[in-house]
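Undergrad: Input: one structure, supplied below.
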4 protein chains.
Amino acid sequence: MFSELEFYVRYAETDAMGVVHHASYLVYMEEARSHFARERGQSYADFEASGYFLVVSEAEARFIAPARYGDKVKIRIEVEEFKSRRITFSYKIYETGKNTLLVEARTRHICINKEGQLSVIPETWREVWSEKSD
Amino acid sequence: MFSELEFYVRYAETDAMGVVHHASYLVYMEEARSHFARERGQSYADFEASGYFLVVSEAEARFIAPARYGDKVKIRIEVEEFKSRRITFSYKIYETGKNTLLVEARTRHICINKEGQLSVIPETWREVWSEKSD
Amino acid sequence: MFSELEFYVRYAETDAMGVVHHASYLVYMEEARSHFARERGQSYADFEASGYFLVVSEAEARFIAPARYGDKVKIRIEVEEFKSRRITFSYKIYETGKNTLLVEARTRHICINKEGQLSVIPETWREVWSEKSD
Amino acid sequence: MFSELEFYVRYAETDAMGVVHHASYLVYMEEARSHFARERGQSYADFEASGYFLVVSEAEARFIAPARYGDKVKIRIEVEEFKSRRITFSYKIYETGKNTLLVEARTRHICINKEGQLSVIPETWREVWSEKSD
């Protein structure tokens, strides 16, 4: 259960230190989640349209090496744990050219409905995020 | 009909050129609009809660000099034109320390309702954005 | 002298109105400039590494229709005017699915060196941005 | 060794879920670090000007409740651990109005010099970030 996404660093994602701002990696990771769903034939937009939200409840990241504008980065996203109401994704972000590991991270999510209540992840999406849906 | 807002440049707003990224100024200008309403006793959040949105239909900016992290910037926002369904704001952004003019800009807005239809700006808000409400 | 770039809207680029925040389009346009150079075998990172910067001196945009998370957008970037020390790019941003025009924009740039002085665009890059280099 | 900073949520910091995007809190926390230094008579811009950088090596956050546009948030930043080459800051972010705890977080930093080498934090800054400088 993993997916890989590759793209160029955008200039706006850098900061005055000349490297990618650390908050930008959270955005990269979010886009990797979107990509993960698209690769499995689903759009997270539809998940929300159906009345559910997968909110980030926790995030942790180790920033090992910096990426720079001009670099191509690759994110490997993996489902680390899948429960009926929760998911944990883990990420490794690499600089493609030199294959340097830039960031190791993890985000935990809970599924809520429109009323903000903790909810069971709908069937269709269990198939997206878990090996077997049972 | 003007208002002034001053704050420090945030590190995340800079880019690898070592200066404030040009898109950050649009965010500053938006915050100046929020501040403009707050100074007049209103919250733009309430405007939206009442079912209206003041969407940006046009923006133009001249970037004259760069601001840097550590700088304090001052935005002067002015209502340039007020019509029943439209507003134009103009902005001048200064670096406070040296009083350097950094950016001159203008944003045009239209008032729409939840259905996305062009709407007359509600009475309460006409008083916020125009000298006289008639 | 044009180039096209297509990508998905990222969730972080949206705002509470449920649509792409207007400042995000400036970031899209900047990425289109990076792509334009890459398509011609050059990296803008090298331009800066060689001691030059193409700073944004003016920007103007008309926001015609909103893009949403889940949408794929296409940017068409064109060199509108090329002078020895200045370039103007124009942009049209579309929502790919419905081929809706979302944004029409233009950015003007000046070439400066590390000392911040207005400079002639180096030969290699004249070939990138202009039909003929003379 | 703590400091508090209060400001309004900016519209651009929200996302389509109608709440502050989780990556925005990292930017808030960074601004709290800037404020912490300013309250002690120093500017982090000078730290960098003197040839040092305090890079984020790790970050972790628990997102407990969402902030919305219109909310005023308060960040309490504290030096959790100070070593000669490393600092850990902890944060609590509140929604001011209801005094709700929104986020609990921690960032770890290392001091590097211009060559990217791990460095001892200069004397002046030890006084900023530690109770006693010894």
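Ligands are numbered from 1 in the order shown, chains are lettered A, B, ... in the order of the structure tokens, and residues start at 1 in each chain.
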Can you list every residue in chain C that DSSP puts in helix (DSSP H, G or I), as a ChimeraX atom specification?
TA: /C:11-13,22-39,44-49,123-129
Undergrad: Take the residues just selected and output them with N, CA and C atoms as an mmCIF file, in the first residue's frame.
TA:
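Final file, result.cif:
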```
data_model
loop_
_atom_site.group_PDB
_atom_site.id
_atom_site.type_symbol
_atom_site.label_atom_id
_atom_site.label_comp_id
_atom_site.auth_asym_id
_atom_site.auth_seq_id
_atom_site.Cartn_x
_atom_site.Cartn_y
_atom_site.Cartn_z
ATOM 1 N N TYR C 11 -4.737 20.871 -2.088
ATOM 2 C CA TYR C 11 -5.721 21.260 -1.060
ATOM 3 C C TYR C 11 -5.303 22.552 -0.349
ATOM 4 N N ALA C 12 -4.013 22.646 -0.023
ATOM 5 C CA ALA C 12 -3.490 23.805 0.712
ATOM 6 C C ALA C 12 -3.662 25.108 -0.058
ATOM 7 N N GLU C 13 -3.902 25.023 -1.362
ATOM 8 C CA GLU C 13 -4.041 26.222 -2.184
ATOM 9 C C GLU C 13 -5.454 26.794 -2.143
ATOM 10 N N HIS C 22 -6.777 33.416 -4.458
ATOM 11 C CA HIS C 22 -6.273 34.168 -5.610
ATOM 12 C C HIS C 22 -4.738 34.293 -5.636
ATOM 13 N N ALA C 23 -4.093 34.333 -4.481
ATOM 14 C CA ALA C 23 -2.627 34.450 -4.470
ATOM 15 C C ALA C 23 -1.958 33.181 -5.009
ATOM 16 N N SER C 24 -2.660 32.054 -4.926
ATOM 17 C CA SER C 24 -2.085 30.794 -5.431
ATOM 18 C C SER C 24 -1.825 30.856 -6.935
ATOM 19 N N TYR C 25 -2.625 31.648 -7.640
ATOM 20 C CA TYR C 25 -2.445 31.732 -9.094
ATOM 21 C C TYR C 25 -1.099 32.374 -9.451
ATOM 22 N N LEU C 26 -0.611 33.274 -8.593
ATOM 23 C CA LEU C 26 0.710 33.861 -8.844
ATOM 24 C C LEU C 26 1.789 32.784 -8.737
ATOM 25 N N VAL C 27 1.574 31.857 -7.815
ATOM 26 C CA VAL C 27 2.511 30.742 -7.646
ATOM 27 C C VAL C 27 2.434 29.809 -8.862
ATOM 28 N N TYR C 28 1.232 29.580 -9.342
ATOM 29 C CA TYR C 28 1.051 28.768 -10.554
ATOM 30 C C TYR C 28 1.792 29.413 -11.735
ATOM 31 N N MET C 29 1.666 30.727 -11.832
ATOM 32 C CA MET C 29 2.262 31.436 -12.953
ATOM 33 C C MET C 29 3.791 31.365 -12.877
ATOM 34 N N GLU C 30 4.291 31.475 -11.688
ATOM 35 C CA GLU C 30 5.744 31.365 -11.473
ATOM 36 C C GLU C 30 6.227 29.980 -11.875
ATOM 37 N N GLU C 31 5.462 28.951 -11.522
ATOM 38 C CA GLU C 31 5.833 27.593 -11.887
ATOM 39 C C GLU C 31 5.761 27.408 -13.407
ATOM 40 N N ALA C 32 4.816 28.106 -14.041
ATOM 41 C CA ALA C 32 4.732 28.058 -15.510
ATOM 42 C C ALA C 32 5.984 28.669 -16.142
ATOM 43 N N ARG C 33 6.541 29.705 -15.519
ATOM 44 C CA ARG C 33 7.788 30.296 -16.032
ATOM 45 C C ARG C 33 8.943 29.297 -15.890
ATOM 46 N N SER C 34 8.970 28.594 -14.752
ATOM 47 C CA SER C 34 10.009 27.563 -14.555
ATOM 48 C C SER C 34 9.892 26.485 -15.624
ATOM 49 N N HIS C 35 8.664 26.061 -15.865
ATOM 50 C CA HIS C 35 8.389 25.025 -16.850
ATOM 51 C C HIS C 35 8.782 25.477 -18.252
ATOM 52 N N PHE C 36 8.474 26.715 -18.568
ATOM 53 C CA PHE C 36 8.812 27.314 -19.866
ATOM 54 C C PHE C 36 10.308 27.162 -20.128
ATOM 55 N N ALA C 37 11.119 27.481 -19.117
ATOM 56 C CA ALA C 37 12.580 27.376 -19.256
ATOM 57 C C ALA C 37 13.016 25.917 -19.384
ATOM 58 N N ARG C 38 12.435 25.049 -18.565
ATOM 59 C CA ARG C 38 12.803 23.627 -18.607
ATOM 60 C C ARG C 38 12.505 23.023 -19.972
ATOM 61 N N GLU C 39 11.366 23.414 -20.565
ATOM 62 C CA GLU C 39 11.005 22.913 -21.890
ATOM 63 C C GLU C 39 12.030 23.321 -22.946
ATOM 64 N N TYR C 44 15.856 27.718 -14.509
ATOM 65 C CA TYR C 44 15.947 29.080 -13.962
ATOM 66 C C TYR C 44 16.891 29.104 -12.756
ATOM 67 N N ALA C 45 17.065 27.951 -12.093
ATOM 68 C CA ALA C 45 18.020 27.866 -10.976
ATOM 69 C C ALA C 45 19.425 28.224 -11.469
ATOM 70 N N ASP C 46 19.759 27.807 -12.686
ATOM 71 C CA ASP C 46 21.072 28.124 -13.257
ATOM 72 C C ASP C 46 21.190 29.612 -13.576
ATOM 73 N N PHE C 47 20.070 30.204 -13.995
ATOM 74 C CA PHE C 47 20.045 31.652 -14.266
ATOM 75 C C PHE C 47 20.486 32.392 -13.005
ATOM 76 N N GLU C 48 19.901 32.013 -11.871
ATOM 77 C CA GLU C 48 20.253 32.666 -10.608
ATOM 78 C C GLU C 48 21.675 32.291 -10.186
ATOM 79 N N ALA C 49 22.054 31.034 -10.434
ATOM 80 C CA ALA C 49 23.408 30.596 -10.062
ATOM 81 C C ALA C 49 24.458 31.404 -10.843
ATOM 82 N N GLU C 123 23.042 36.118 -23.006
ATOM 83 C CA GLU C 123 22.813 35.496 -24.308
ATOM 84 C C GLU C 123 22.019 34.179 -24.248
ATOM 85 N N THR C 124 22.494 33.229 -23.435
ATOM 86 C CA THR C 124 21.834 31.911 -23.326
ATOM 87 C C THR C 124 20.342 32.054 -23.068
ATOM 88 N N TRP C 125 20.017 33.013 -22.253
ATOM 89 C CA TRP C 125 18.627 33.156 -21.855
ATOM 90 C C TRP C 125 17.803 33.960 -22.845
ATOM 91 N N ARG C 126 18.494 34.766 -23.649
ATOM 92 C CA ARG C 126 17.763 35.464 -24.711
ATOM 93 C C ARG C 126 17.171 34.429 -25.665
ATOM 94 N N GLU C 127 17.931 33.337 -25.860
ATOM 95 C CA GLU C 127 17.457 32.267 -26.747
ATOM 96 C C GLU C 127 16.272 31.513 -26.141
ATOM 97 N N VAL C 128 16.228 31.496 -24.840
ATOM 98 C CA VAL C 128 15.117 30.814 -24.156
ATOM 99 C C VAL C 128 13.833 31.619 -24.312
ATOM 100 N N TRP C 129 13.966 32.941 -24.136
ATOM 101 C CA TRP C 129 12.780 33.769 -24.040
ATOM 102 C C TRP C 129 12.402 34.539 -25.313
#
```
Undergrad: For chain C, which residues have at least one atom within 8 Å of chain D, if we go by only C-alpha atoms? Write them as a VMD selection string, please.
TA: chain C and resid 11 to 19 21 69
Undergrad: Please, which residues of range 31-63 of chain A, numbered as in this document, come out strand (DSSP E) from DSSP, as a ChimeraX atom specification?
TA: /A:52-63
Undergrad: For the residues in that selection, give me N, CA and C atoms as a PDB file, in the first residue's frame.
TA:
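Dumped to out.pdb:
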```
ATOM      1  N   TYR A  52     -17.688  13.477   4.233  1.00  0.00           N
ATOM      2  CA  TYR A  52     -16.653  13.091   5.183  1.00  0.00           C
ATOM      3  C   TYR A  52     -15.388  13.934   5.017  1.00  0.00           C
ATOM      4  N   PHE A  53     -14.640  14.011   6.086  1.00  0.00           N
ATOM      5  CA  PHE A  53     -13.361  14.720   6.047  1.00  0.00           C
ATOM      6  C   PHE A  53     -12.318  13.867   6.752  1.00  0.00           C
ATOM      7  N   LEU A  54     -11.143  13.815   6.199  1.00  0.00           N
ATOM      8  CA  LEU A  54     -10.050  13.079   6.821  1.00  0.00           C
ATOM      9  C   LEU A  54      -9.100  14.122   7.404  1.00  0.00           C
ATOM     10  N   VAL A  55      -9.350  14.526   8.633  1.00  0.00           N
ATOM     11  CA  VAL A  55      -8.562  15.628   9.185  1.00  0.00           C
ATOM     12  C   VAL A  55      -7.235  15.135   9.767  1.00  0.00           C
ATOM     13  N   VAL A  56      -6.248  15.993   9.693  1.00  0.00           N
ATOM     14  CA  VAL A  56      -4.929  15.693  10.258  1.00  0.00           C
ATOM     15  C   VAL A  56      -5.003  15.900  11.767  1.00  0.00           C
ATOM     16  N   SER A  57      -4.789  14.843  12.523  1.00  0.00           N
ATOM     17  CA  SER A  57      -4.822  14.979  13.981  1.00  0.00           C
ATOM     18  C   SER A  57      -3.419  15.081  14.576  1.00  0.00           C
ATOM     19  N   GLU A  58      -2.455  14.522  13.879  1.00  0.00           N
ATOM     20  CA  GLU A  58      -1.065  14.607  14.341  1.00  0.00           C
ATOM     21  C   GLU A  58      -0.133  14.593  13.145  1.00  0.00           C
ATOM     22  N   ALA A  59       0.992  15.259  13.292  1.00  0.00           N
ATOM     23  CA  ALA A  59       2.029  15.230  12.255  1.00  0.00           C
ATOM     24  C   ALA A  59       3.377  15.266  12.937  1.00  0.00           C
ATOM     25  N   GLU A  60       4.315  14.532  12.387  1.00  0.00           N
ATOM     26  CA  GLU A  60       5.682  14.602  12.891  1.00  0.00           C
ATOM     27  C   GLU A  60       6.625  14.447  11.707  1.00  0.00           C
ATOM     28  N   ALA A  61       7.721  15.154  11.761  1.00  0.00           N
ATOM     29  CA  ALA A  61       8.656  15.122  10.632  1.00  0.00           C
ATOM     30  C   ALA A  61      10.076  15.329  11.118  1.00  0.00           C
ATOM     31  N   ARG A  62      10.989  14.620  10.476  1.00  0.00           N
ATOM     32  CA  ARG A  62      12.424  14.851  10.682  1.00  0.00           C
ATOM     33  C   ARG A  62      12.960  15.426   9.397  1.00  0.00           C
ATOM     34  N   PHE A  63      13.551  16.618   9.503  1.00  0.00           N
ATOM     35  CA  PHE A  63      14.090  17.298   8.322  1.00  0.00           C
ATOM     36  C   PHE A  63      15.585  17.002   8.262  1.00  0.00           C
TER      37      PHE A  63
END
```
Undergrad: Glu4 in chain C: which residues within 7 Å, counting only C-alpha atoms, same-chain residues fewer than 6 positions away excluded, as a PyMOL selection string?
TA: chain C and resi 74-77
Undergrad: Counting only C-alpha atoms, what is within 7 Å of Ile64 in chain A, bar same-chain residues fewer than 4 positions away, as a list of chain:residue names?
TA: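 Once the nearby chain positions are removed, what remains is A:Leu101, A:Leu102, A:Val103, D:Ser57.
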Undergrad: For CA of Glu78 in chain A and CA of Ser119 in chain A, determine how far apart the two atoms are, in Å to one decimal place.
TA: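 Computed distance, CA of Glu78 in chain A to CA of Ser119 in chain A, equals 22.1 Å.
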Undergrad: For Asn99 in chain A, list every protein, DNA or RNA residue within 9 Å, evaluated using only C-alpha atoms, and leave out those in the same chain fewer than 3 positions away; present the list as a PyMOL selection string.
TA: chain A and resi 73-74+94-96
Undergrad: Would you write out those residues with N, CA and C atoms, as a PDB file, in the first residue's frame?
TA:
```pdb
ATOM      1  N   VAL A  73      11.708  16.516  -6.462  1.00  0.00           N
ATOM      2  CA  VAL A  73      11.560  15.698  -5.259  1.00  0.00           C
ATOM      3  C   VAL A  73      10.591  14.555  -5.518  1.00  0.00           C
ATOM      4  N   LYS A  74      10.812  13.475  -4.807  1.00  0.00           N
ATOM      5  CA  LYS A  74       9.954  12.300  -4.921  1.00  0.00           C
ATOM      6  C   LYS A  74       9.431  11.967  -3.540  1.00  0.00           C
ATOM      7  N   TYR A  94      12.491  12.333  -1.064  1.00  0.00           N
ATOM      8  CA  TYR A  94      13.845  12.265  -1.608  1.00  0.00           C
ATOM      9  C   TYR A  94      14.082  13.377  -2.617  1.00  0.00           C
ATOM     10  N   GLU A  95      15.334  13.763  -2.740  1.00  0.00           N
ATOM     11  CA  GLU A  95      15.728  14.611  -3.867  1.00  0.00           C
ATOM     12  C   GLU A  95      16.071  13.618  -4.965  1.00  0.00           C
ATOM     13  N   THR A  96      15.373  13.699  -6.078  1.00  0.00           N
ATOM     14  CA  THR A  96      15.477  12.676  -7.114  1.00  0.00           C
ATOM     15  C   THR A  96      16.886  12.532  -7.699  1.00  0.00           C
TER      16      THR A  96
END
```
Undergrad: If you measure from CA of Gly41 in chain B to CA of Pro66 in chain D, what distance in Å do you get, rounded to one decimal?
TA: 24.4 Å
Undergrad: Tell me, in Å to one decimal, how far CA of Thr107 in chain C is from CA of Ser3 in chain C.
TA: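 Here the two named atoms are 15.3 Å from each other.
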